[in-house]
Amino acid sequence: MSFMLGTFGTVTMRSVWTGSLTLLQLVTDRFATSNDSGPACDTSNRVYCGGTWQGIITKLDYIQNMGFDAIWISPVVANVQGTTAYGEAFHGYWTLDINQLNSNFGTQDDLKALSSALHSRNMYLMLDVVVNHMAATVNPPNYSGFQPFSSQTDFHNECFISDYNNQTNVEQCWLGDTSVPLADINTEDTNVVNTMNAWIAGLVGNYSVDGIRIDTVKHVRKDFWPAFAKSSGVFTIGEVYDSNTGYVAPYTQVLNSVLDYPTYFPLVSAFQTTGGNMSGLAAAVQQAQATYKNGEFMTGSFLENHDQPRFQSTTTDQALVKNAMTWPFVQDGVPILYYGQEQGYTGGADPANREALWLSGYVEDKPLIAHVKFLPTTGDESTLAVSKPPMLALLTNGGASSTPTWNVAGAGYSANEALVDVLSCTSFNADGNGGVSVKGSGGMPQVLLPKSAAGSVCKTLQARHIERQFCVPVRFPNAAHG
């Protein structure tokens, strides 16, 4: 069975995020060190390992060579110091002072330098921000240690969330526990609201930020978000952690975009085994298209992130992996790749999924990196066809031993048009009615484009292969470089 899937206000840089931009998410502490050193980093210890903003700058070639236009980095503000029951705040989500930077990552000048280095490459910077809470290492918290909200009245009364079916409980009770309580900020208070709006405007302006990812959005009342988003002046994408499209959809009315969790869960289910539910993935997309404010357009499409087990912790069948990795790049959202996925990292649930990338050596001659570089921005129950003219993506969860078949009658090509799979540079022709009938091998995905549009992509792929094999630089006139 194959499924054909169709294709806020005035916000500075909004147009950047609605085109063909691709986004790399990274954990600042785990991506790169300032001096290119490679210290040991045992994820189970949950401590700072030494990654910095200056370190990221040194690896921008690595990022750009994979074809990414933007990076999403960890929260930048000052966090709780020292060891807690759950380790150190290397991840950046345990805010202590929103007006100071996390000195473990660098200085103000370092963050400005990262922003400037990105912009000099026509790349963009997304910051992660936390509005919902501040973190403490004792209970009750020492409220006077928080900045700028240093009074108990700046927070909701302590109660830990006990009922996720009760939205008031979700919004006004606390995350965390008595070991590391996450004190829930009183975002109904006018002074708190005004302070937060002024803060985000200053943060974005001071560091020339192009977009913000907002943590724990569903834990703050919906009518808080429009003014906050407007104050930021940039593209906003919110984390609404829920599998229910109907629950997530209203947040697309108050922010530019959301991370597409309702599609993430069926995506993993569809490809983690050869018997996965492909029709469930198609149904999730169709529901999102019908209920999100802008459909899937601008939603954050992802296979992995810092909160979920890496995909290869559930399957190492490379055919399934490559098909699943292709998905975010061929549907209508903003494709997001979580760092380390390109290196084949296999960490399970947090903290195992927050590995140090320097332990990989940043090797670029790896199959999944090559796959990422050339991902472009009816058969049986194991196949799926995604149409975004002139591109047609053919996916399968048949696994490495399968020979999938796709028969797509309404592919929309010209009669007998010459096509090419940009992942393998294999040539095909549409049939006399512009349809496509393709038999695959090894369970691998295929992404078809008209040969007239994809020729330079394949020339570049062939050139890079020759360079890697024989250390001979090869260049083609007018070739596209990714």
# chains A, B, ... in the order shown; residues from 1 in each chain; ligands from 1

call {"tool": "residues_around", "arguments": {"residues": "Val220 in chain A", "least_positions_apart": "4", "cutoff": "8 Å", "atoms": "only C-alpha atoms", "output": "MDAnalysis selection string"}}
result
chainID A and resid 132 171:172 187 216 224

call {"tool": "write_last_selection", "arguments": {"atoms": "N, CA, C and O atoms", "output": "compact mmCIF listing (two decimals), in the first residue's frame"}}
result
# COMPACT_ATOMS: atom_id res chain seq x y z
N ASN A 132 9.10 28.41 31.50
CA ASN A 132 8.18 27.84 32.47
C ASN A 132 8.67 27.81 33.90
O ASN A 132 7.90 27.97 34.84
N GLU A 171 -0.30 23.32 33.95
CA GLU A 171 0.23 24.69 33.80
C GLU A 171 0.70 25.31 35.11
O GLU A 171 1.61 26.15 35.11
N GLN A 172 0.10 24.93 36.23
CA GLN A 172 0.38 25.66 37.46
C GLN A 172 1.10 24.84 38.52
O GLN A 172 1.58 25.40 39.51
N THR A 187 3.30 32.91 35.41
CA THR A 187 3.17 33.65 34.15
C THR A 187 1.80 34.30 33.99
O THR A 187 1.47 34.82 32.91
N THR A 216 9.04 23.28 27.07
CA THR A 216 7.88 23.05 27.95
C THR A 216 6.73 24.04 27.72
O THR A 216 6.16 24.59 28.65
N PHE A 224 -0.34 33.45 27.04
CA PHE A 224 0.94 34.09 27.34
C PHE A 224 1.80 34.22 26.09
O PHE A 224 2.56 35.18 25.94

call {"tool": "closest_atom_pairs", "arguments": {"of": "range 186-263 of chain A", "to": "range 327-341 of chain A", "cutoff": "10 Å", "atoms": "only C-alpha atoms", "output": "JSON lines"}}
result
{"residue": "A:Ser257", "atom": "CA", "partner": "A:Gly333", "partner_atom": "CA", "distance": 9.3}
{"residue": "A:Val258", "atom": "CA", "partner": "A:Gly333", "partner_atom": "CA", "distance": 9.8}
{"residue": "A:Leu259", "atom": "CA", "partner": "A:Val334", "partner_atom": "CA", "distance": 9.2}
{"residue": "A:Asp260", "atom": "CA", "partner": "A:Gly333", "partner_atom": "CA", "distance": 8.5}

call {"tool": "write_last_selection", "arguments": {"atoms": "C-alpha atoms", "output": "short mmCIF file (atom, residue, chain, number, x, y, z; two decimals), in the first residue's frame"}}
result
data_model
loop_
_atom_site.label_atom_id
_atom_site.label_comp_id
_atom_site.auth_asym_id
_atom_site.auth_seq_id
_atom_site.Cartn_x
_atom_site.Cartn_y
_atom_site.Cartn_z
CA SER A 257 5.45 26.44 14.81
CA VAL A 258 5.69 23.37 17.02
CA LEU A 259 7.95 20.34 17.16
CA ASP A 260 5.86 17.70 15.45
#

call {"tool": "closest_residue", "arguments": {"among": "A:Met126, A:Val217, A:Ala288, A:Ala430", "to": "Val234 in chain A", "atoms": "only C-alpha atoms"}}
result
A:Met126

call {"tool": "residues_around", "arguments": {"residues": "Gly440 in chain A", "least_positions_apart": "6", "cutoff": "9 Å", "atoms": "only C-alpha atoms", "output": "short mmCIF file (atom, residue, chain, number, x, y, z; two decimals) with N, CA and C atoms, in the first residue's frame"}}
result
data_model
loop_
_atom_site.label_atom_id
_atom_site.label_comp_id
_atom_site.auth_asym_id
_atom_site.auth_seq_id
_atom_site.Cartn_x
_atom_site.Cartn_y
_atom_site.Cartn_z
N SER A 402 14.99 -6.68 1.96
CA SER A 402 13.78 -6.56 1.13
C SER A 402 14.08 -5.98 -0.25
N THR A 403 13.18 -6.23 -1.20
CA THR A 403 13.22 -5.64 -2.53
C THR A 403 11.88 -4.95 -2.78
N PRO A 404 11.71 -3.77 -2.24
CA PRO A 404 10.41 -3.10 -2.29
C PRO A 404 10.04 -2.66 -3.71
N THR A 405 8.75 -2.52 -3.93
CA THR A 405 8.22 -2.04 -5.21
C THR A 405 7.26 -0.89 -4.95
N TRP A 406 7.44 0.19 -5.71
CA TRP A 406 6.53 1.33 -5.62
C TRP A 406 5.89 1.54 -6.99
N GLN A 446 14.53 5.87 -1.84
CA GLN A 446 14.88 6.54 -3.08
C GLN A 446 14.20 7.90 -3.10
#

call {"tool": "residues_around", "arguments": {"residues": "Ser103 in chain A", "least_positions_apart": "4", "cutoff": "12 Å", "atoms": "only C-alpha atoms", "output": "number ranges by chain"}}
result
A: 29, 48, 50-53, 75-81, 89-90, 92, 97, 107-111

call {"tool": "residues_around", "arguments": {"residues": "range 150-162 of chain A", "least_positions_apart": "4", "cutoff": "9 Å", "atoms": "only C-alpha atoms", "output": "PyMOL selection string"}}
result
chain A and resi 133+140-146+166+169-178+181+183-187+189+191-192
